[in-house]
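Enquirer: Data file my_file-v1.cif (mmCIF, C-alpha atoms) is appended below.
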data_input
#
loop_
_atom_site.label_atom_id
_atom_site.label_comp_id
_atom_site.auth_asym_id
_atom_site.auth_seq_id
_atom_site.Cartn_x
_atom_site.Cartn_y
_atom_site.Cartn_z
CA MET A 1184 0.00 0.00 0.00
CA PHE A 1185 2.99 2.32 0.48
CA ARG A 1186 3.38 2.69 -3.29
CA LEU A 1187 -0.20 3.91 -3.52
CA LEU A 1188 0.80 7.01 -1.54
CA SER A 1189 2.57 8.40 -4.61
CA LEU A 1190 -0.81 8.41 -6.37
CA THR A 1191 -2.38 9.95 -3.27
CA LEU A 1192 0.18 12.79 -3.37
CA ALA A 1193 -0.57 13.42 -7.05
CA ALA A 1194 -4.30 13.53 -6.30
CA PHE A 1195 -3.62 15.88 -3.36
CA ALA A 1196 -1.86 18.41 -5.62
CA ILE A 1197 -4.60 18.06 -8.23
CA GLY A 1198 -7.32 18.50 -5.60
CA ILE A 1199 -5.88 21.78 -4.37
CA SER A 1200 -5.62 23.12 -7.91
CA GLU A 1201 -9.18 22.15 -8.74
CA PHE A 1202 -10.97 23.18 -5.56
CA VAL A 1203 -8.98 26.15 -4.18
CA LEU A 1204 -10.76 28.49 -6.57
CA VAL A 1205 -13.80 28.27 -4.30
CA GLY A 1206 -12.06 30.45 -1.70
CA LEU A 1207 -9.97 32.57 -4.11
CA LEU A 1208 -12.49 33.34 -6.85
CA PRO A 1209 -13.44 36.82 -5.55
CA SER A 1210 -9.77 37.84 -5.27
CA ILE A 1211 -8.91 36.50 -8.73
CA ALA A 1212 -11.95 38.21 -10.26
CA ALA A 1213 -10.95 41.55 -8.74
CA ASP A 1214 -7.31 41.17 -9.82
CA VAL A 1215 -8.13 40.48 -13.49
CA HIS A 1216 -11.09 42.90 -13.55
CA ALA A 1217 -13.79 40.30 -14.20
CA ASP A 1218 -17.16 39.78 -12.55
CA LEU A 1219 -17.62 36.76 -10.33
CA GLY A 1220 -19.71 34.77 -12.82
CA THR A 1221 -17.13 35.27 -15.57
CA ALA A 1222 -14.27 34.30 -13.26
CA GLY A 1223 -16.24 31.15 -12.50
CA LEU A 1224 -15.46 30.10 -16.08
CA LEU A 1225 -11.99 29.15 -14.74
CA VAL A 1226 -13.73 26.18 -13.11
CA THR A 1227 -15.65 25.44 -16.30
CA VAL A 1228 -12.56 25.64 -18.57
CA TYR A 1229 -10.57 23.36 -16.26
CA ALA A 1230 -13.33 20.78 -16.24
CA LEU A 1231 -13.85 21.01 -20.01
CA ALA A 1232 -10.12 20.46 -20.61
CA ILE A 1233 -10.35 17.26 -18.60
CA THR A 1234 -13.49 16.19 -20.47
CA VAL A 1235 -12.01 16.81 -23.92
CA PHE A 1236 -8.36 15.82 -23.46
CA SER A 1237 -8.61 12.91 -21.03
CA PRO A 1238 -9.99 10.39 -23.57
CA LEU A 1239 -7.54 11.58 -26.24
CA LEU A 1240 -4.47 11.45 -24.02
CA THR A 1241 -5.55 8.18 -22.41
CA SER A 1242 -5.86 6.59 -25.85
CA TRP A 1243 -2.40 7.79 -26.83
CA LEU A 1244 -0.49 7.32 -23.56
CA SER A 1245 -1.91 3.97 -22.42
CA ARG A 1246 0.43 2.20 -24.86
CA TYR A 1247 3.47 3.41 -22.88
CA ASP A 1248 4.92 2.70 -19.44
CA SER A 1249 2.41 4.01 -16.87
CA ARG A 1250 5.14 5.15 -14.48
CA ALA A 1251 6.78 7.39 -17.07
CA MET A 1252 3.46 8.73 -18.31
CA LEU A 1253 2.18 9.57 -14.82
CA ALA A 1254 5.41 11.37 -13.94
CA GLY A 1255 5.31 13.30 -17.21
CA LEU A 1256 1.68 14.28 -16.76
CA MET A 1257 2.34 15.63 -13.27
CA THR A 1258 5.17 17.70 -14.73
CA LEU A 1259 2.71 19.16 -17.27
CA PHE A 1260 0.29 19.81 -14.42
CA ALA A 1261 3.00 21.72 -12.54
CA LEU A 1262 3.83 23.83 -15.61
CA GLY A 1263 0.15 24.67 -16.10
CA ASN A 1264 -0.13 25.93 -12.54
CA LEU A 1265 3.04 27.99 -12.93
CA ALA A 1266 1.42 29.59 -15.97
CA VAL A 1267 -1.65 30.42 -13.87
CA ALA A 1268 0.54 32.00 -11.20
CA ALA A 1269 2.30 34.18 -13.78
CA SER A 1270 -0.65 35.14 -16.02
CA PRO A 1271 -1.63 38.83 -16.05
CA ASN A 1272 -5.14 38.39 -17.49
CA LEU A 1273 -8.13 36.06 -17.64
CA THR A 1274 -7.12 34.58 -21.01
CA GLY A 1275 -3.73 33.51 -19.68
CA LEU A 1276 -5.35 32.05 -16.60
CA MET A 1277 -7.68 29.97 -18.74
CA LEU A 1278 -4.82 28.63 -20.86
CA GLY A 1279 -2.86 27.61 -17.77
CA ARG A 1280 -5.95 26.01 -16.26
CA ALA A 1281 -6.58 24.11 -19.52
CA ALA A 1282 -3.03 22.68 -19.50
CA ALA A 1283 -3.33 21.60 -15.85
CA GLY A 1284 -6.77 20.12 -16.52
CA ALA A 1285 -5.54 18.06 -19.47
CA ALA A 1286 -2.97 16.46 -17.17
CA HIS A 1287 -5.44 16.05 -14.29
CA GLY A 1288 -7.91 13.83 -16.13
CA THR A 1289 -5.29 11.56 -17.62
CA VAL A 1290 -3.50 11.07 -14.29
CA PHE A 1291 -6.70 9.64 -12.84
CA ALA A 1292 -7.47 7.64 -15.97
CA LEU A 1293 -4.06 5.94 -15.93
CA GLY A 1294 -3.69 5.96 -12.15
CA ALA A 1295 -6.91 4.20 -11.13
CA PRO A 1296 -6.07 0.92 -12.94
CA VAL A 1297 -2.50 1.15 -11.60
CA ALA A 1298 -3.88 1.52 -8.06
CA ALA A 1299 -6.14 -1.50 -8.54
CA SER A 1300 -3.23 -3.56 -9.91
CA LEU A 1301 -1.12 -2.98 -6.80
CA VAL A 1302 -3.51 -4.82 -4.45
CA PRO A 1303 -5.53 -8.08 -4.44
CA LYS A 1304 -8.67 -7.88 -6.58
CA ASP A 1305 -11.03 -7.85 -3.58
CA LYS A 1306 -9.38 -4.66 -2.31
CA ALA A 1307 -9.53 -2.71 -5.58
CA GLY A 1308 -12.25 -0.37 -4.30
CA ARG A 1309 -10.18 0.58 -1.26
CA ALA A 1310 -7.05 1.06 -3.38
CA ILE A 1311 -8.87 3.45 -5.70
CA ALA A 1312 -10.38 5.16 -2.65
CA LEU A 1313 -6.85 5.67 -1.28
CA MET A 1314 -5.89 7.41 -4.51
CA PHE A 1315 -9.01 9.59 -4.35
CA LEU A 1316 -8.18 10.25 -0.70
CA GLY A 1317 -5.67 12.79 -2.02
CA LEU A 1318 -8.56 14.81 -3.44
CA THR A 1319 -10.48 14.78 -0.20
CA VAL A 1320 -7.46 15.50 2.01
CA ALA A 1321 -6.78 18.43 -0.29
CA MET A 1322 -10.18 19.76 0.66
CA VAL A 1323 -9.41 19.40 4.38
CA ILE A 1324 -5.86 20.75 4.42
CA GLY A 1325 -4.79 22.00 1.01
CA VAL A 1326 -7.77 24.13 0.00
CA PRO A 1327 -8.11 25.96 3.34
CA ALA A 1328 -4.32 26.43 3.54
CA GLY A 1329 -4.21 27.60 -0.08
CA THR A 1330 -7.08 29.98 0.60
CA ALA A 1331 -5.33 31.35 3.69
CA ILE A 1332 -2.06 31.81 1.78
CA GLY A 1333 -3.92 33.47 -1.08
CA THR A 1334 -5.71 35.81 1.30
CA ALA A 1335 -2.52 36.69 3.19
CA ILE A 1336 0.05 37.11 0.41
CA GLY A 1337 -1.85 36.74 -2.85
CA TRP A 1338 -3.56 34.02 -4.86
CA ARG A 1339 -0.55 33.67 -7.19
CA ALA A 1340 1.50 32.27 -4.30
CA THR A 1341 -1.08 29.51 -3.88
CA PHE A 1342 -0.72 28.33 -7.47
CA THR A 1343 3.08 28.50 -7.23
CA LEU A 1344 2.86 26.17 -4.23
CA VAL A 1345 0.56 23.83 -6.16
CA ALA A 1346 3.10 23.71 -8.98
CA ALA A 1347 5.81 22.71 -6.49
CA LEU A 1348 3.59 19.92 -5.14
CA GLY A 1349 2.99 18.72 -8.69
CA LEU A 1350 6.73 18.42 -9.32
CA ALA A 1351 7.18 16.58 -6.01
CA ALA A 1352 4.42 14.15 -7.04
CA ALA A 1353 6.12 13.56 -10.41
CA LEU A 1354 9.37 12.60 -8.68
CA THR A 1355 7.57 10.38 -6.15
CA LEU A 1356 5.64 8.53 -8.86
CA TRP A 1357 8.87 7.87 -10.74
CA ALA A 1358 10.51 6.53 -7.58
CA LEU A 1359 7.68 4.36 -6.20
CA ILE A 1360 5.44 3.11 -9.02
CA PRO A 1361 6.82 -0.06 -10.63
CA SER A 1362 7.62 0.14 -14.31
CA ALA A 1363 5.07 -1.70 -16.42
CA PRO A 1364 5.12 -2.53 -20.13
CA GLY A 1365 2.78 -0.45 -22.20
CA GLU A 1366 -0.46 -1.84 -23.55
CA HIS A 1367 -2.14 -1.34 -26.89
CA GLY A 1368 -3.72 2.08 -26.95
CA VAL A 1369 -7.49 2.16 -27.32
CA PRO A 1370 -8.48 4.03 -30.50
CA LEU A 1371 -11.16 6.68 -30.17
CA ARG A 1372 -13.62 4.55 -32.13
CA GLU A 1373 -13.26 1.83 -29.50
CA GLN A 1374 -13.78 4.38 -26.74
CA VAL A 1375 -16.97 5.45 -28.48
CA ALA A 1376 -17.93 1.76 -28.56
CA LEU A 1377 -17.52 1.69 -24.78
CA LEU A 1378 -20.11 4.46 -24.60
CA ALA A 1379 -22.52 2.19 -26.49
CA HIS A 1380 -22.25 -0.37 -23.65
CA ARG A 1381 -25.35 0.51 -21.63
CA PRO A 1382 -24.03 -0.26 -18.12
CA LEU A 1383 -20.97 1.94 -18.78
CA ALA A 1384 -23.06 4.68 -20.38
CA LEU A 1385 -25.34 4.72 -17.34
CA THR A 1386 -22.32 4.85 -15.02
CA TYR A 1387 -20.97 7.89 -16.87
CA THR A 1388 -24.38 9.54 -16.75
CA VAL A 1389 -24.62 9.00 -13.01
CA THR A 1390 -21.06 10.28 -12.54
CA ALA A 1391 -21.74 13.49 -14.48
CA LEU A 1392 -25.06 14.25 -12.83
CA GLY A 1393 -24.01 13.19 -9.33
CA PHE A 1394 -20.81 15.22 -9.17
CA GLY A 1395 -22.38 18.08 -11.09
CA ALA A 1396 -25.00 18.36 -8.34
CA THR A 1397 -22.33 19.13 -5.77
CA PHE A 1398 -20.37 21.60 -7.88
CA ALA A 1399 -23.40 23.63 -8.95
CA VAL A 1400 -23.37 24.85 -5.34
CA PHE A 1401 -19.79 24.28 -4.16
CA THR A 1402 -18.25 26.54 -6.82
CA TYR A 1403 -20.20 29.49 -5.41
CA LEU A 1404 -20.26 28.48 -1.76
CA GLU A 1405 -18.24 31.51 -0.61
CA PRO A 1406 -20.81 34.14 -1.73
CA LEU A 1407 -23.66 31.95 -0.48
CA LEU A 1408 -22.18 31.76 3.02
CA THR A 1409 -21.10 35.39 3.25
CA ARG A 1410 -24.34 36.85 1.90
CA HIS A 1411 -26.81 34.57 3.66
CA ALA A 1412 -25.27 32.84 6.69
CA GLY A 1413 -23.29 35.90 7.76
CA TYR A 1414 -19.85 34.27 7.58
CA THR A 1415 -16.74 36.36 7.10
CA ALA A 1416 -14.13 35.34 4.53
CA PRO A 1417 -11.82 33.78 7.20
CA ALA A 1418 -14.79 31.87 8.62
CA VAL A 1419 -15.55 30.44 5.18
CA THR A 1420 -12.09 28.86 5.29
CA TRP A 1421 -13.13 26.84 8.34
CA ILE A 1422 -16.33 25.76 6.62
CA LEU A 1423 -14.16 24.48 3.78
CA VAL A 1424 -12.13 22.52 6.35
CA LEU A 1425 -15.36 21.02 7.68
CA PHE A 1426 -16.59 20.11 4.21
CA GLY A 1427 -13.20 18.62 3.33
CA ALA A 1428 -13.09 16.49 6.47
CA ALA A 1429 -16.53 15.18 5.63
CA THR A 1430 -15.43 14.26 2.10
CA VAL A 1431 -12.51 12.26 3.51
CA ALA A 1432 -14.92 10.26 5.64
CA GLY A 1433 -17.28 9.81 2.69
CA ASN A 1434 -14.53 8.72 0.31
CA LEU A 1435 -13.11 6.09 2.69
CA ALA A 1436 -16.57 4.82 3.57
CA GLY A 1437 -17.44 4.64 -0.12
CA GLY A 1438 -14.44 2.42 -0.85
CA ARG A 1439 -15.31 0.00 1.94
CA LEU A 1440 -19.02 -0.05 1.13
CA THR A 1441 -18.24 -0.70 -2.55
CA ASP A 1442 -16.04 -3.70 -1.69
CA ARG A 1443 -18.55 -5.12 0.77
CA ARG A 1444 -21.96 -4.35 -0.74
CA GLY A 1445 -21.32 -3.44 -4.39
CA ALA A 1446 -21.24 -0.25 -6.38
CA VAL A 1447 -24.95 0.13 -7.14
CA LEU A 1448 -25.99 0.17 -3.48
CA THR A 1449 -23.20 2.62 -2.68
CA ILE A 1450 -24.15 4.93 -5.55
CA ARG A 1451 -27.83 4.94 -4.60
CA THR A 1452 -27.06 5.55 -0.93
CA ALA A 1453 -24.78 8.45 -1.86
CA LEU A 1454 -27.29 10.08 -4.18
CA THR A 1455 -30.17 9.73 -1.72
CA GLY A 1456 -28.13 11.36 1.04
CA LEU A 1457 -26.97 14.05 -1.37
CA ILE A 1458 -30.53 14.96 -2.31
CA VAL A 1459 -31.62 15.18 1.31
CA SER A 1460 -28.66 17.36 2.31
CA LEU A 1461 -29.10 19.71 -0.68
CA VAL A 1462 -32.79 20.16 0.06
CA ALA A 1463 -31.81 20.88 3.67
CA LEU A 1464 -29.32 23.49 2.40
CA LEU A 1465 -32.24 25.48 1.00
CA ALA A 1466 -33.74 25.60 4.47
CA THR A 1467 -30.56 26.15 6.52
CA GLN A 1468 -28.52 28.62 4.45
CA ASN A 1469 -29.59 31.61 6.58
CA HIS A 1470 -28.66 29.89 9.87
CA PRO A 1471 -24.89 29.76 10.62
CA VAL A 1472 -24.89 26.66 12.84
CA ALA A 1473 -27.50 24.66 10.94
CA VAL A 1474 -25.84 25.32 7.59
CA ALA A 1475 -22.47 24.16 8.97
CA VAL A 1476 -24.01 20.85 10.12
CA ASP A 1477 -25.72 20.36 6.78
CA ILE A 1478 -22.52 21.12 4.84
CA ALA A 1479 -20.76 18.37 6.81
CA VAL A 1480 -23.49 15.86 5.92
CA TRP A 1481 -23.42 17.01 2.31
CA GLY A 1482 -19.65 16.47 2.14
CA VAL A 1483 -19.94 12.85 3.27
CA PHE A 1484 -22.49 11.92 0.61
CA ALA A 1485 -20.84 14.04 -2.11
CA PHE A 1486 -17.73 11.82 -2.08
CA LEU A 1487 -19.25 8.53 -0.95
CA ILE A 1488 -19.98 7.98 -4.64
CA SER A 1489 -16.46 8.52 -6.08
CA PRO A 1490 -14.82 5.09 -5.43
CA ALA A 1491 -18.05 3.34 -6.45
CA VAL A 1492 -18.41 4.88 -9.90
CA GLN A 1493 -14.70 4.59 -10.68
CA THR A 1494 -14.47 0.98 -9.51
CA HIS A 1495 -17.65 0.16 -11.44
CA ALA A 1496 -16.32 1.64 -14.69
CA VAL A 1497 -13.03 -0.24 -14.42
CA ALA A 1498 -14.77 -3.52 -13.54
CA LEU A 1499 -17.22 -3.31 -16.44
CA ALA A 1500 -14.38 -2.68 -18.90
CA ALA A 1501 -12.10 -5.43 -17.59
CA VAL A 1502 -13.46 -8.06 -19.97
CA ARG A 1503 -13.29 -5.86 -23.07
CA GLY A 1504 -9.65 -6.28 -24.04
CA PRO A 1505 -6.25 -4.62 -23.52
CA GLY A 1506 -6.35 -0.98 -22.55
CA ALA A 1507 -10.13 -0.95 -22.02
CA GLU A 1508 -9.83 -0.43 -18.26
CA LYS A 1509 -7.75 2.71 -18.71
CA ALA A 1510 -10.06 3.95 -21.44
CA ALA A 1511 -13.14 3.36 -19.27
CA SER A 1512 -11.44 5.04 -16.34
CA GLY A 1513 -10.56 8.02 -18.52
CA LEU A 1514 -14.11 8.31 -19.81
CA ASN A 1515 -15.43 8.27 -16.26
CA ILE A 1516 -13.07 11.10 -15.30
CA ALA A 1517 -14.29 12.93 -18.41
CA ALA A 1518 -17.89 12.39 -17.29
CA PHE A 1519 -17.04 13.62 -13.80
CA ASN A 1520 -15.69 16.87 -15.21
CA ALA A 1521 -18.35 17.27 -17.88
CA GLY A 1522 -20.76 17.35 -14.95
CA ILE A 1523 -18.63 19.90 -13.10
CA ALA A 1524 -18.29 22.10 -16.20
CA THR A 1525 -22.01 22.06 -16.97
CA ALA A 1526 -23.13 22.49 -13.37
CA SER A 1527 -20.65 25.26 -12.52
CA PHE A 1528 -21.74 27.10 -15.67
CA ALA A 1529 -25.40 26.68 -14.71
CA GLY A 1530 -24.63 27.88 -11.19
CA GLY A 1531 -22.84 30.91 -12.66
CA LEU A 1532 -25.93 31.76 -14.72
CA VAL A 1533 -28.04 31.58 -11.58
CA LEU A 1534 -25.56 33.83 -9.81
CA ASP A 1535 -25.52 36.35 -12.68
CA HIS A 1536 -29.31 36.52 -12.82
CA GLY A 1537 -30.20 36.21 -9.19
CA ASP A 1538 -28.81 34.94 -5.93
CA PRO A 1539 -26.41 32.11 -4.85
CA ALA A 1540 -29.21 30.95 -2.57
CA ARG A 1541 -30.89 29.50 -5.66
CA THR A 1542 -28.01 27.27 -6.74
CA PRO A 1543 -29.16 24.30 -4.59
CA TRP A 1544 -32.25 24.02 -6.81
CA VAL A 1545 -30.00 23.24 -9.77
CA ALA A 1546 -28.13 20.71 -7.63
CA VAL A 1547 -31.27 18.92 -6.44
CA ALA A 1548 -32.53 18.54 -10.01
CA LEU A 1549 -29.22 17.02 -11.14
CA ALA A 1550 -29.02 14.61 -8.19
CA LEU A 1551 -32.60 13.44 -8.74
CA ALA A 1552 -31.82 12.75 -12.40
CA ALA A 1553 -28.72 10.78 -11.36
CA LEU A 1554 -30.73 8.67 -8.93
CA MET A 1555 -33.30 7.93 -11.63
CA ALA A 1556 -30.49 6.81 -13.97
CA THR A 1557 -29.41 4.11 -11.49
CA THR A 1558 -32.74 2.32 -11.81
CA GLY A 1559 -32.26 1.31 -15.45
CA ILE A 1560 -32.51 -2.32 -16.54
CA ALA A 1561 -28.89 -2.23 -17.82
CA VAL A 1562 -27.54 -1.42 -14.38
CA ARG A 1563 -29.47 -4.26 -12.80
CA HIS A 1564 -28.29 -6.60 -15.53
CA ALA A 1565 -24.67 -5.64 -14.85
CA SER A 1566 -25.23 -6.25 -11.17
CA ARG A 1567 -26.44 -9.80 -11.87
CA GLN A 1568 -23.27 -10.35 -13.89
CA GLY A 1569 -21.29 -9.49 -10.79
CA ALA A 1570 -19.65 -6.44 -12.35
CA ILE A 1571 -20.87 -4.03 -9.70
#
Let's see the structure in the file written out as structure tokens.

Expert:
Amino acid sequence: MFRLLSLTLAAFAIGISEFVLVGLLPSIAADVHADLGTAGLLVTVYALAITVFSPLLTSWLSRYDSRAMLAGLMTLFALGNLAVAASPNLTGLMLGRAAAGAAHGTVFALGAPVAASLVPKDKAGRAIALMFLGLTVAMVIGVPAGTAIGTAIGWRATFTLVAALGLAAALTLWALIPSAPGEHGVPLREQVALLAHRPLALTYTVTALGFGATFAVFTYLEPLLTRHAGYTAPAVTWILVLFGAATVAGNLAGGRLTDRRGAVLTIRTALTGLIVSLVALLATQNHPVAVAVDIAVWGVFAFLISPAVQTHAVALAAVRGPGAEKAASGLNIAAFNAGIATASFAGGLVLDHGDPARTPWVAVALALAALMATTGIAVRHASRQGAI
């Protein structure tokens, strides 16, 4: 399991880069003279880069040694974040975010099968959860620390630090991950064929809608809390710590529940809890204590789903030939970020035309659609096959 920590470190750096914008968005918007909704496109562009480039890069890079490719991708990630730190305008920021996002998606696409290969088959869910633990720990430690650094000495210092972590992860991956012979790359036409496989298509749909539900609100959590719950900017940092701690618990619980009870039950449990907590957010957002409790519950269910959908995608693809697992993993990461891009854009439209208090309505609609998607005949058929 020690070797898995190199993947956890990579995910930690990636998690800070992706999520720290929640606390820094107002400062970045002011610095580049953009309104808050427009600056929110930095989240959308990052997620779109993952969605577009992850399948392409996964197809190309899966034929090479995973250790070398993961180290190289984390180097690209570091360079993208350095570009963000140095960019004087919104266009430069978006280009740097796109470069970092392209690396992000492919690291998870190649890394998840590597994580599963390092442990016995019956512990694959927990191994993937340990990799995703980096994302959730980033939300507990990295995002609040990055927000505090950005508030104290400037947001550019935060992205410089993220770049340094990315380089450290590249070196650690090279040192700890065993070299493995490359596989045949999966052509794009075969990746499209994976999308025609109904259980996989439903998994990607659930991934996009389920994670989108969270990020329709989470992207704009800072203005919601300051305008409605009466939190100051420093207090929002502690709410992010609380949310991050809850996601750690949810991620670890999701890995164990997936291994013990299967992915479908875990996914449905996560989505049901997510819907309840988002509905509660509509009622509690004007009450400082109640909203803090609800945000903690929301965080648990938001990331309970992540090991389940990733494990499910890899398992369904395992019988479909060389490279299919990495391709399926990459497509799931693409779906994850397609959901984030769409939902953060929708949340931005709500913010531009109204109030952040309305963003949970978008989230509830997405989560309900995701829960409905889990009831399809194809998902139940896959379950009988033992794939989930």

Enquirer: What does the structure give for the distance between atom CA of Ala1453 of chain A and atom CA of Thr1386 of chain A, in Å to one decimal?

Expert: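 Distance reported for this atom pair: 13.9 Å.
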
Enquirer: If we count all atoms listed in the file, what is near Arg1309 of chain A at a cut-off of 9 Å, once residues fewer than 3 positions away on the same chain are taken out, given as a list in words?

Expert: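 The neighbour list is Ala1299, Asp1305, Lys1306, Ala1312, Leu1313, Met1314, Leu1435, Gly1437, Gly1438, Arg1439, Thr1441, Asp1442 and Pro1490 of chain A.
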
Enquirer: Given the choices A:Thr1258, A:Ser1527, A:Ser1460, A:Thr1467, which gets closest to Trp1357 of chain A if the distance is worked out from all atoms listed in the file?

Expert: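 The closest residue to Trp1357 of chain A is A:Thr1258.
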
Enquirer: Suppose a student applies the PyMOL selection byres ((chain A and resi 1268) around 10) to this structure; what residues should they get, written as number ranges by chain?

Expert: A: 1262-1267, 1269-1271, 1275-1276, 1279, 1337-1346

Enquirer: In Å, rounded to a single decimal, give me how far atom CA of Val1497 of chain A is from atom CA of Leu1461 of chain A.

Expert: 29.1 Å

Enquirer: Would you kindly return, as an mmCIF file with C-alpha atoms, in the coordinates of the input, each protein, DNA or RNA residue with an atom no farther than 10 Å from any atom of Val1476 of chain A, considering only C-alpha atoms and excluding same-chain residues fewer than 2 positions away?

Expert:
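Output contents, as saved in selection06.cif:
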data_model
loop_
_atom_site.group_PDB
_atom_site.id
_atom_site.type_symbol
_atom_site.label_atom_id
_atom_site.label_comp_id
_atom_site.auth_asym_id
_atom_site.auth_seq_id
_atom_site.Cartn_x
_atom_site.Cartn_y
_atom_site.Cartn_z
ATOM 1 C CA ILE A 1422 -16.330 25.760 6.620
ATOM 2 C CA LEU A 1425 -15.360 21.020 7.680
ATOM 3 C CA PHE A 1426 -16.590 20.110 4.210
ATOM 4 C CA SER A 1460 -28.660 17.360 2.310
ATOM 5 C CA LEU A 1464 -29.320 23.490 2.400
ATOM 6 C CA THR A 1467 -30.560 26.150 6.520
ATOM 7 C CA PRO A 1471 -24.890 29.760 10.620
ATOM 8 C CA VAL A 1472 -24.890 26.660 12.840
ATOM 9 C CA ALA A 1473 -27.500 24.660 10.940
ATOM 10 C CA VAL A 1474 -25.840 25.320 7.590
ATOM 11 C CA ILE A 1478 -22.520 21.120 4.840
ATOM 12 C CA ALA A 1479 -20.760 18.370 6.810
ATOM 13 C CA VAL A 1480 -23.490 15.860 5.920
ATOM 14 C CA TRP A 1481 -23.420 17.010 2.310
#

Enquirer: Between A:Val1547, A:Ala1335, A:Ile1324, A:Ala1379, single out the one closest to Ala1416 of chain A, counting only C-alpha atoms.

Expert: A:Ala1335

Enquirer: Provide the atom CA of Thr1415 of chain A to atom CA of Asp1535 of chain A distance in Å, to one decimal place.

Expert: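 Atom CA of Asp1535 of chain A lies 21.6 Å from atom CA of Thr1415 of chain A.
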
Enquirer: Between A:Pro1361, A:Pro1209, A:Gly1198, A:Gly1220, which has the minimum distance to Phe1185 of chain A (counting all atoms listed in the file)?

Expert: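 With all atoms listed in the file as the atom set, the closest residue is A:Pro1361.
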
Enquirer: Of the residues A:Val1483, A:Val1492, A:Leu1293, A:Ala1396, which is the one nearest to Val1545 of chain A, using all atoms listed in the file?

Expert: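 That would be A:Ala1396, the residue with the smallest distance to Val1545 of chain A.
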
Enquirer: Which residues fall under the PyMOL selection byres ((chain A and resi 1389) around 8) in this file, as a short mmCIF file (atom, residue, chain, number, x, y, z; two decimals) with C-alpha atoms, keeping the file's coordinate frame?

Expert:
data_model
loop_
_atom_site.label_atom_id
_atom_site.label_comp_id
_atom_site.auth_asym_id
_atom_site.auth_seq_id
_atom_site.Cartn_x
_atom_site.Cartn_y
_atom_site.Cartn_z
CA LEU A 1385 -25.34 4.72 -17.34
CA THR A 1386 -22.32 4.85 -15.02
CA TYR A 1387 -20.97 7.89 -16.87
CA THR A 1388 -24.38 9.54 -16.75
CA THR A 1390 -21.06 10.28 -12.54
CA ALA A 1391 -21.74 13.49 -14.48
CA LEU A 1392 -25.06 14.25 -12.83
CA GLY A 1393 -24.01 13.19 -9.33
CA ALA A 1553 -28.72 10.78 -11.36
CA LEU A 1554 -30.73 8.67 -8.93
CA ALA A 1556 -30.49 6.81 -13.97
CA THR A 1557 -29.41 4.11 -11.49
#
